[in-house]
Amino acid sequence: MPIVWTDDLTAVDWDELSALYRIAPLGNKAPADLALVFGNSMFRIFVYDDGHLVGAGRVLADGRDCAYLCDIAVHPDCQGQGLGRQIIERLLARCGSHRKIILYAVPGKEAFYERLGFRRMTTAMAIFEDQTRAHERGYLTAP
Ligand SMILES: CC(C)(COP(=O)(O)OP(=O)(O)OC[C@H]1O[C@@H](n2cnc3c(N)ncnc32)[C@H](O)[C@@H]1OP(=O)(O)O)[C@@H](O)C(=O)NCCC(=O)NCCS
């Protein structure tokens, strides 16, 4: 069966998406939370291979100025085959009307995004729910 690309929320098995993020790995994301955040995202993409969910991503956006790309993951069995690049390219195409598209990478994954045209921001800042843990995981500079 060919790879199927869709943004259809109604077909998503949120438990399956949660399992994809766990195995990718991109952390533990509760199925109900995923349903909420994907439902609130302007753009999203799901990739199915033979009926199995093997990739996903989403963009929070305001329609003109800012778009924030997040929750990008490909199943380990399918990594290294160009799916991640296609997920980003398809999401970027949908963000075409926005003046800036922002993301932060998992530490160590920066080069993946640099290959796709992203450049490091010099003044990006964030407030995380757990600032200490975000620092320990490499997302924030020392307090
Ligand atoms: C990061 C991830 C999405 C990449 O998906 P993928 O399908 O394996 O990537 P692709 O095969 O499309 O690779 C696209 C390009 O990026 C490069 N690339 C892939 N992973 C990379 C990495 N970790 N570091 C640097 N370059 C990387 C590839 O070599 C390829 O380069 P090329 O086009 O010049 O040949 C995938 O590895 C993943 O899901 N990882 C776990 C979850 C995660 O970290 N998500 C990112 C959150 S910020």
# chains A, B, ... in the order shown; residues from 1 in each chain; ligands from 1

call {"tool": "residues_around", "arguments": {"residues": "A:Pro31", "least_positions_apart": "6", "cutoff": "7 Å", "atoms": "only C-alpha atoms", "output": "list of chain:residue names"}}
result
A:Trp14, A:Asp15, A:Ser18

call {"tool": "residues_around", "arguments": {"residues": "A:Met42", "least_positions_apart": "5", "cutoff": "8 Å", "atoms": "only C-alpha atoms", "output": "VMD selection string"}}
result
chain A and resid 58 to 62

call {"tool": "write_last_selection", "arguments": {"atoms": "N, CA, C and O atoms", "output": "short mmCIF file (atom, residue, chain, number, x, y, z; two decimals), in the first residue's frame"}}
result
data_model
loop_
_atom_site.label_atom_id
_atom_site.label_comp_id
_atom_site.auth_asym_id
_atom_site.auth_seq_id
_atom_site.Cartn_x
_atom_site.Cartn_y
_atom_site.Cartn_z
N ARG A 58 2.73 19.11 13.47
CA ARG A 58 1.66 20.12 13.51
C ARG A 58 2.26 21.51 13.59
O ARG A 58 3.45 21.67 13.93
N VAL A 59 1.42 22.50 13.32
CA VAL A 59 1.82 23.91 13.36
C VAL A 59 0.74 24.72 14.04
O VAL A 59 -0.42 24.70 13.61
N LEU A 60 1.12 25.42 15.09
CA LEU A 60 0.26 26.44 15.69
C LEU A 60 0.51 27.73 14.93
O LEU A 60 1.67 28.11 14.76
N ALA A 61 -0.53 28.40 14.48
CA ALA A 61 -0.29 29.57 13.64
C ALA A 61 -1.44 30.56 13.76
O ALA A 61 -2.55 30.19 14.17
N ASP A 62 -1.13 31.82 13.40
CA ASP A 62 -2.15 32.86 13.51
C ASP A 62 -2.69 33.31 12.16
O ASP A 62 -3.50 34.24 12.08
#

call {"tool": "residues_around", "arguments": {"residues": "A:Tyr68", "least_positions_apart": "5", "cutoff": "12 Å", "atoms": "only C-alpha atoms", "output": "mmCIF file with all heavy atoms, in the first residue's frame"}}
result
data_model
loop_
_atom_site.group_PDB
_atom_site.id
_atom_site.type_symbol
_atom_site.label_atom_id
_atom_site.label_comp_id
_atom_site.auth_asym_id
_atom_site.auth_seq_id
_atom_site.Cartn_x
_atom_site.Cartn_y
_atom_site.Cartn_z
ATOM 1 N N SER A 41 -4.489 23.186 16.472
ATOM 2 C CA SER A 41 -3.406 23.575 15.559
ATOM 3 C C SER A 41 -3.980 23.903 14.177
ATOM 4 O O SER A 41 -4.839 23.174 13.664
ATOM 5 C CB SER A 41 -2.388 22.439 15.435
ATOM 6 O OG SER A 41 -1.783 22.204 16.685
ATOM 7 N N MET A 42 -3.471 24.954 13.573
ATOM 8 C CA MET A 42 -4.001 25.361 12.270
ATOM 9 C C MET A 42 -3.666 24.341 11.184
ATOM 10 O O MET A 42 -4.471 24.072 10.300
ATOM 11 C CB MET A 42 -3.457 26.746 11.889
ATOM 12 C CG MET A 42 -4.055 27.282 10.607
ATOM 13 S SD MET A 42 -3.610 28.998 10.271
ATOM 14 C CE MET A 42 -4.661 29.885 11.388
ATOM 15 N N PHE A 43 -2.432 23.801 11.251
ATOM 16 C CA PHE A 43 -2.010 22.804 10.267
ATOM 17 C C PHE A 43 -1.514 21.561 10.988
ATOM 18 O O PHE A 43 -0.911 21.649 12.059
ATOM 19 C CB PHE A 43 -0.871 23.353 9.393
ATOM 20 C CG PHE A 43 -1.148 24.700 8.807
ATOM 21 C CD1 PHE A 43 -0.378 25.798 9.155
ATOM 22 C CD2 PHE A 43 -2.202 24.879 7.916
ATOM 23 C CE1 PHE A 43 -0.636 27.062 8.623
ATOM 24 C CE2 PHE A 43 -2.470 26.139 7.377
ATOM 25 C CZ PHE A 43 -1.684 27.220 7.733
ATOM 26 N N ARG A 44 -1.734 20.413 10.396
ATOM 27 C CA ARG A 44 -1.177 19.168 10.936
ATOM 28 C C ARG A 44 -1.032 18.206 9.785
ATOM 29 O O ARG A 44 -1.645 18.384 8.703
ATOM 30 C CB ARG A 44 -2.044 18.565 12.042
ATOM 31 C CG ARG A 44 -3.414 18.116 11.578
ATOM 32 C CD ARG A 44 -4.446 19.140 11.935
ATOM 33 N NE ARG A 44 -5.638 18.961 11.127
ATOM 34 C CZ ARG A 44 -6.611 19.850 11.035
ATOM 35 N NH1 ARG A 44 -6.560 20.969 11.690
ATOM 36 N NH2 ARG A 44 -7.644 19.626 10.268
ATOM 37 N N GLY A 57 3.137 15.637 12.518
ATOM 38 C CA GLY A 57 3.651 16.958 12.872
ATOM 39 C C GLY A 57 2.508 17.942 12.867
ATOM 40 O O GLY A 57 1.416 17.654 12.349
ATOM 41 N N ARG A 58 2.732 19.105 13.471
ATOM 42 C CA ARG A 58 1.663 20.115 13.514
ATOM 43 C C ARG A 58 2.262 21.506 13.591
ATOM 44 O O ARG A 58 3.445 21.674 13.925
ATOM 45 C CB ARG A 58 0.723 19.863 14.690
ATOM 46 C CG ARG A 58 1.350 20.080 16.046
ATOM 47 C CD ARG A 58 0.391 19.712 17.166
ATOM 48 N NE ARG A 58 1.040 19.863 18.468
ATOM 49 C CZ ARG A 58 0.933 20.942 19.230
ATOM 50 N NH1 ARG A 58 0.171 21.946 18.856
ATOM 51 N NH2 ARG A 58 1.555 21.025 20.395
ATOM 52 N N VAL A 59 1.421 22.502 13.317
ATOM 53 C CA VAL A 59 1.825 23.907 13.362
ATOM 54 C C VAL A 59 0.737 24.720 14.042
ATOM 55 O O VAL A 59 -0.418 24.696 13.611
ATOM 56 C CB VAL A 59 2.041 24.475 11.940
ATOM 57 C CG1 VAL A 59 2.486 25.935 12.023
ATOM 58 C CG2 VAL A 59 3.048 23.660 11.155
ATOM 59 N N LEU A 60 1.123 25.421 15.091
ATOM 60 C CA LEU A 60 0.260 26.444 15.693
ATOM 61 C C LEU A 60 0.513 27.727 14.932
ATOM 62 O O LEU A 60 1.672 28.106 14.756
ATOM 63 C CB LEU A 60 0.662 26.670 17.147
ATOM 64 C CG LEU A 60 0.031 25.806 18.212
ATOM 65 C CD1 LEU A 60 0.651 26.152 19.562
ATOM 66 C CD2 LEU A 60 -1.471 25.998 18.268
ATOM 67 N N ALA A 61 -0.527 28.396 14.476
ATOM 68 C CA ALA A 61 -0.294 29.565 13.636
ATOM 69 C C ALA A 61 -1.439 30.557 13.764
ATOM 70 O O ALA A 61 -2.552 30.194 14.169
ATOM 71 C CB ALA A 61 -0.151 29.128 12.183
ATOM 72 N N ASP A 62 -1.130 31.817 13.401
ATOM 73 C CA ASP A 62 -2.152 32.861 13.513
ATOM 74 C C ASP A 62 -2.694 33.309 12.162
ATOM 75 O O ASP A 62 -3.497 34.240 12.085
ATOM 76 C CB ASP A 62 -1.609 34.061 14.313
ATOM 77 C CG ASP A 62 -0.384 34.697 13.672
ATOM 78 O OD1 ASP A 62 -0.168 34.501 12.462
ATOM 79 O OD2 ASP A 62 0.365 35.395 14.383
ATOM 80 N N GLY A 63 -2.211 32.701 11.089
ATOM 81 C CA GLY A 63 -2.762 33.006 9.767
ATOM 82 C C GLY A 63 -1.997 34.051 8.977
ATOM 83 O O GLY A 63 -2.193 34.185 7.767
ATOM 84 N N ILE A 88 8.200 18.164 7.094
ATOM 85 C CA ILE A 88 8.538 19.587 7.258
ATOM 86 C C ILE A 88 8.184 20.369 5.987
ATOM 87 O O ILE A 88 7.567 21.444 6.054
ATOM 88 C CB ILE A 88 10.044 19.773 7.573
ATOM 89 C CG1 ILE A 88 10.446 18.992 8.820
ATOM 90 C CG2 ILE A 88 10.371 21.267 7.721
ATOM 91 C CD1 ILE A 88 9.834 19.457 10.098
ATOM 92 N N LEU A 91 4.474 20.911 5.723
ATOM 93 C CA LEU A 91 3.978 21.881 6.700
ATOM 94 C C LEU A 91 4.432 23.293 6.331
ATOM 95 O O LEU A 91 3.658 24.254 6.444
ATOM 96 C CB LEU A 91 4.450 21.505 8.110
ATOM 97 C CG LEU A 91 3.759 20.271 8.717
ATOM 98 C CD1 LEU A 91 4.409 19.891 10.043
ATOM 99 C CD2 LEU A 91 2.256 20.496 8.914
ATOM 100 N N LEU A 92 5.682 23.432 5.869
ATOM 101 C CA LEU A 92 6.172 24.753 5.469
ATOM 102 C C LEU A 92 5.346 25.307 4.310
ATOM 103 O O LEU A 92 5.051 26.506 4.260
ATOM 104 C CB LEU A 92 7.651 24.689 5.064
ATOM 105 C CG LEU A 92 8.666 24.436 6.184
ATOM 106 C CD1 LEU A 92 10.091 24.440 5.630
ATOM 107 C CD2 LEU A 92 8.526 25.472 7.292
ATOM 108 N N CYS A 95 2.424 26.910 5.577
ATOM 109 C CA CYS A 95 2.723 28.132 6.355
ATOM 110 C C CYS A 95 3.131 29.280 5.459
ATOM 111 O O CYS A 95 3.584 30.320 5.960
ATOM 112 C CB CYS A 95 3.884 27.873 7.317
ATOM 113 S SG CYS A 95 3.506 26.741 8.639
ATOM 114 N N HIS A 98 2.858 33.044 6.247
ATOM 115 C CA HIS A 98 3.354 33.576 7.527
ATOM 116 C C HIS A 98 4.726 34.236 7.382
ATOM 117 O O HIS A 98 5.548 33.790 6.589
ATOM 118 C CB HIS A 98 3.412 32.453 8.571
ATOM 119 C CG HIS A 98 2.050 31.996 8.988
ATOM 120 N ND1 HIS A 98 1.302 31.130 8.225
ATOM 121 C CD2 HIS A 98 1.299 32.328 10.059
ATOM 122 C CE1 HIS A 98 0.131 30.935 8.820
ATOM 123 N NE2 HIS A 98 0.101 31.650 9.922
ATOM 124 N N ARG A 99 4.951 35.270 8.180
ATOM 125 C CA ARG A 99 6.207 36.022 8.081
ATOM 126 C C ARG A 99 7.355 35.305 8.770
ATOM 127 O O ARG A 99 8.514 35.517 8.439
ATOM 128 C CB ARG A 99 6.028 37.424 8.674
ATOM 129 C CG ARG A 99 5.034 38.254 7.862
ATOM 130 C CD ARG A 99 5.104 39.724 8.215
ATOM 131 N NE ARG A 99 4.224 40.472 7.317
ATOM 132 C CZ ARG A 99 2.942 40.745 7.585
ATOM 133 N NH1 ARG A 99 2.398 40.373 8.729
ATOM 134 N NH2 ARG A 99 2.212 41.411 6.716
ATOM 135 N N LYS A 100 7.050 34.522 9.790
ATOM 136 C CA LYS A 100 8.122 33.760 10.427
ATOM 137 C C LYS A 100 7.599 32.419 10.923
ATOM 138 O O LYS A 100 6.469 32.316 11.401
ATOM 139 C CB LYS A 100 8.780 34.542 11.564
ATOM 140 C CG LYS A 100 7.828 35.188 12.537
ATOM 141 C CD LYS A 100 8.563 36.169 13.430
ATOM 142 C CE LYS A 100 7.633 36.973 14.305
ATOM 143 N NZ LYS A 100 6.922 38.057 13.611
ATOM 144 N N ILE A 101 8.437 31.424 10.763
ATOM 145 C CA ILE A 101 8.115 30.067 11.184
ATOM 146 C C ILE A 101 9.184 29.665 12.186
ATOM 147 O O ILE A 101 10.379 29.696 11.885
ATOM 148 C CB ILE A 101 8.097 29.116 9.981
ATOM 149 C CG1 ILE A 101 7.086 29.612 8.947
ATOM 150 C CG2 ILE A 101 7.769 27.688 10.433
ATOM 151 C CD1 ILE A 101 7.267 29.023 7.577
ATOM 152 N N ILE A 102 8.737 29.322 13.381
ATOM 153 C CA ILE A 102 9.642 29.152 14.512
ATOM 154 C C ILE A 102 9.563 27.710 15.014
ATOM 155 O O ILE A 102 8.517 27.064 14.930
ATOM 156 C CB ILE A 102 9.226 30.133 15.641
ATOM 157 C CG1 ILE A 102 9.434 31.576 15.180
ATOM 158 C CG2 ILE A 102 9.986 29.858 16.923
ATOM 159 C CD1 ILE A 102 8.812 32.603 16.107
ATOM 160 N N LEU A 103 10.664 27.219 15.540
ATOM 161 C CA LEU A 103 10.635 25.932 16.235
ATOM 162 C C LEU A 103 11.799 25.886 17.203
ATOM 163 O O LEU A 103 12.712 26.709 17.128
ATOM 164 C CB LEU A 103 10.728 24.758 15.258
ATOM 165 C CG LEU A 103 12.001 24.583 14.431
ATOM 166 C CD1 LEU A 103 13.137 23.921 15.210
ATOM 167 C CD2 LEU A 103 11.703 23.734 13.207
ATOM 168 N N TYR A 104 11.766 24.940 18.122
ATOM 169 C CA TYR A 104 12.995 24.611 18.842
ATOM 170 C C TYR A 104 13.195 23.109 18.718
ATOM 171 O O TYR A 104 12.241 22.334 18.792
ATOM 172 C CB TYR A 104 12.986 25.095 20.298
ATOM 173 C CG TYR A 104 12.001 24.421 21.211
ATOM 174 C CD1 TYR A 104 12.364 23.281 21.924
ATOM 175 C CD2 TYR A 104 10.712 24.920 21.375
ATOM 176 C CE1 TYR A 104 11.466 22.662 22.776
ATOM 177 C CE2 TYR A 104 9.816 24.301 22.217
ATOM 178 C CZ TYR A 104 10.196 23.175 22.915
ATOM 179 O OH TYR A 104 9.309 22.550 23.748
ATOM 180 N N ALA A 105 14.441 22.722 18.489
ATOM 181 C CA ALA A 105 14.758 21.318 18.231
ATOM 182 C C ALA A 105 15.038 20.572 19.533
ATOM 183 O O ALA A 105 15.476 21.164 20.522
ATOM 184 C CB ALA A 105 15.984 21.226 17.322
#

call {"tool": "residues_near_ligand", "arguments": {"ligand": "ligand 1", "cutoff": "6 Å", "atoms": "only C-alpha atoms and all ligand atoms", "output": "PyMOL selection string"}}
result
chain A and resi 24-26+72-74+79-85+105-106+109+111-112

call {"tool": "closest_residue", "arguments": {"among": "A:Ala134, A:Val54, A:Ile45, A:Cys70", "to": "A:Glu16", "atoms": "only C-alpha atoms"}}
result
A:Val54

call {"tool": "decode", "arguments": {"residues": "stretch 92-104 of chain A", "atoms": "all heavy atoms", "output": "compact mmCIF listing (two decimals), in the first residue's frame"}}
result
# COMPACT_ATOMS: atom_id res chain seq x y z
N LEU A 92 5.68 23.43 5.87
CA LEU A 92 6.17 24.75 5.47
C LEU A 92 5.35 25.31 4.31
O LEU A 92 5.05 26.51 4.26
CB LEU A 92 7.65 24.69 5.06
CG LEU A 92 8.67 24.44 6.18
CD1 LEU A 92 10.09 24.44 5.63
CD2 LEU A 92 8.53 25.47 7.29
N ALA A 93 4.97 24.43 3.38
CA ALA A 93 4.17 24.89 2.24
C ALA A 93 2.84 25.47 2.73
O ALA A 93 2.34 26.47 2.20
CB ALA A 93 3.92 23.74 1.28
N ARG A 94 2.28 24.88 3.78
CA ARG A 94 1.01 25.39 4.31
C ARG A 94 1.19 26.69 5.08
O ARG A 94 0.25 27.46 5.27
CB ARG A 94 0.36 24.35 5.20
CG ARG A 94 -0.14 23.20 4.36
CD ARG A 94 -0.69 22.09 5.17
NE ARG A 94 -0.73 20.89 4.33
CZ ARG A 94 -1.16 19.73 4.73
NH1 ARG A 94 -1.62 19.59 5.94
NH2 ARG A 94 -1.16 18.70 3.92
N CYS A 95 2.42 26.91 5.58
CA CYS A 95 2.72 28.13 6.35
C CYS A 95 3.13 29.28 5.46
O CYS A 95 3.58 30.32 5.96
CB CYS A 95 3.88 27.87 7.32
SG CYS A 95 3.51 26.74 8.64
N GLY A 96 3.00 29.14 4.16
CA GLY A 96 3.55 30.10 3.20
C GLY A 96 3.14 31.53 3.44
O GLY A 96 3.89 32.45 3.11
N SER A 97 1.97 31.77 4.02
CA SER A 97 1.51 33.15 4.21
C SER A 97 2.06 33.78 5.49
O SER A 97 1.75 34.93 5.78
CB SER A 97 -0.02 33.15 4.26
OG SER A 97 -0.46 32.29 5.29
N HIS A 98 2.86 33.04 6.25
CA HIS A 98 3.35 33.58 7.53
C HIS A 98 4.73 34.24 7.38
O HIS A 98 5.55 33.79 6.59
CB HIS A 98 3.41 32.45 8.57
CG HIS A 98 2.05 32.00 8.99
ND1 HIS A 98 1.30 31.13 8.22
CD2 HIS A 98 1.30 32.33 10.06
CE1 HIS A 98 0.13 30.94 8.82
NE2 HIS A 98 0.10 31.65 9.92
N ARG A 99 4.95 35.27 8.18
CA ARG A 99 6.21 36.02 8.08
C ARG A 99 7.36 35.31 8.77
O ARG A 99 8.51 35.52 8.44
CB ARG A 99 6.03 37.42 8.67
CG ARG A 99 5.03 38.25 7.86
CD ARG A 99 5.10 39.72 8.21
NE ARG A 99 4.22 40.47 7.32
CZ ARG A 99 2.94 40.75 7.58
NH1 ARG A 99 2.40 40.37 8.73
NH2 ARG A 99 2.21 41.41 6.72
N LYS A 100 7.05 34.52 9.79
CA LYS A 100 8.12 33.76 10.43
C LYS A 100 7.60 32.42 10.92
O LYS A 100 6.47 32.32 11.40
CB LYS A 100 8.78 34.54 11.56
CG LYS A 100 7.83 35.19 12.54
CD LYS A 100 8.56 36.17 13.43
CE LYS A 100 7.63 36.97 14.30
NZ LYS A 100 6.92 38.06 13.61
N ILE A 101 8.44 31.42 10.76
CA ILE A 101 8.11 30.07 11.18
C ILE A 101 9.18 29.67 12.19
O ILE A 101 10.38 29.70 11.89
CB ILE A 101 8.10 29.12 9.98
CG1 ILE A 101 7.09 29.61 8.95
CG2 ILE A 101 7.77 27.69 10.43
CD1 ILE A 101 7.27 29.02 7.58
N ILE A 102 8.74 29.32 13.38
CA ILE A 102 9.64 29.15 14.51
C ILE A 102 9.56 27.71 15.01
O ILE A 102 8.52 27.06 14.93
CB ILE A 102 9.23 30.13 15.64
CG1 ILE A 102 9.43 31.58 15.18
CG2 ILE A 102 9.99 29.86 16.92
CD1 ILE A 102 8.81 32.60 16.11
N LEU A 103 10.66 27.22 15.54
CA LEU A 103 10.63 25.93 16.24
C LEU A 103 11.80 25.89 17.20
O LEU A 103 12.71 26.71 17.13
CB LEU A 103 10.73 24.76 15.26
CG LEU A 103 12.00 24.58 14.43
CD1 LEU A 103 13.14 23.92 15.21
CD2 LEU A 103 11.70 23.73 13.21
N TYR A 104 11.77 24.94 18.12
CA TYR A 104 12.99 24.61 18.84
C TYR A 104 13.20 23.11 18.72
O TYR A 104 12.24 22.33 18.79
CB TYR A 104 12.99 25.09 20.30
CG TYR A 104 12.00 24.42 21.21
CD1 TYR A 104 12.36 23.28 21.92
CD2 TYR A 104 10.71 24.92 21.38
CE1 TYR A 104 11.47 22.66 22.78
CE2 TYR A 104 9.82 24.30 22.22
CZ TYR A 104 10.20 23.17 22.92
OH TYR A 104 9.31 22.55 23.75
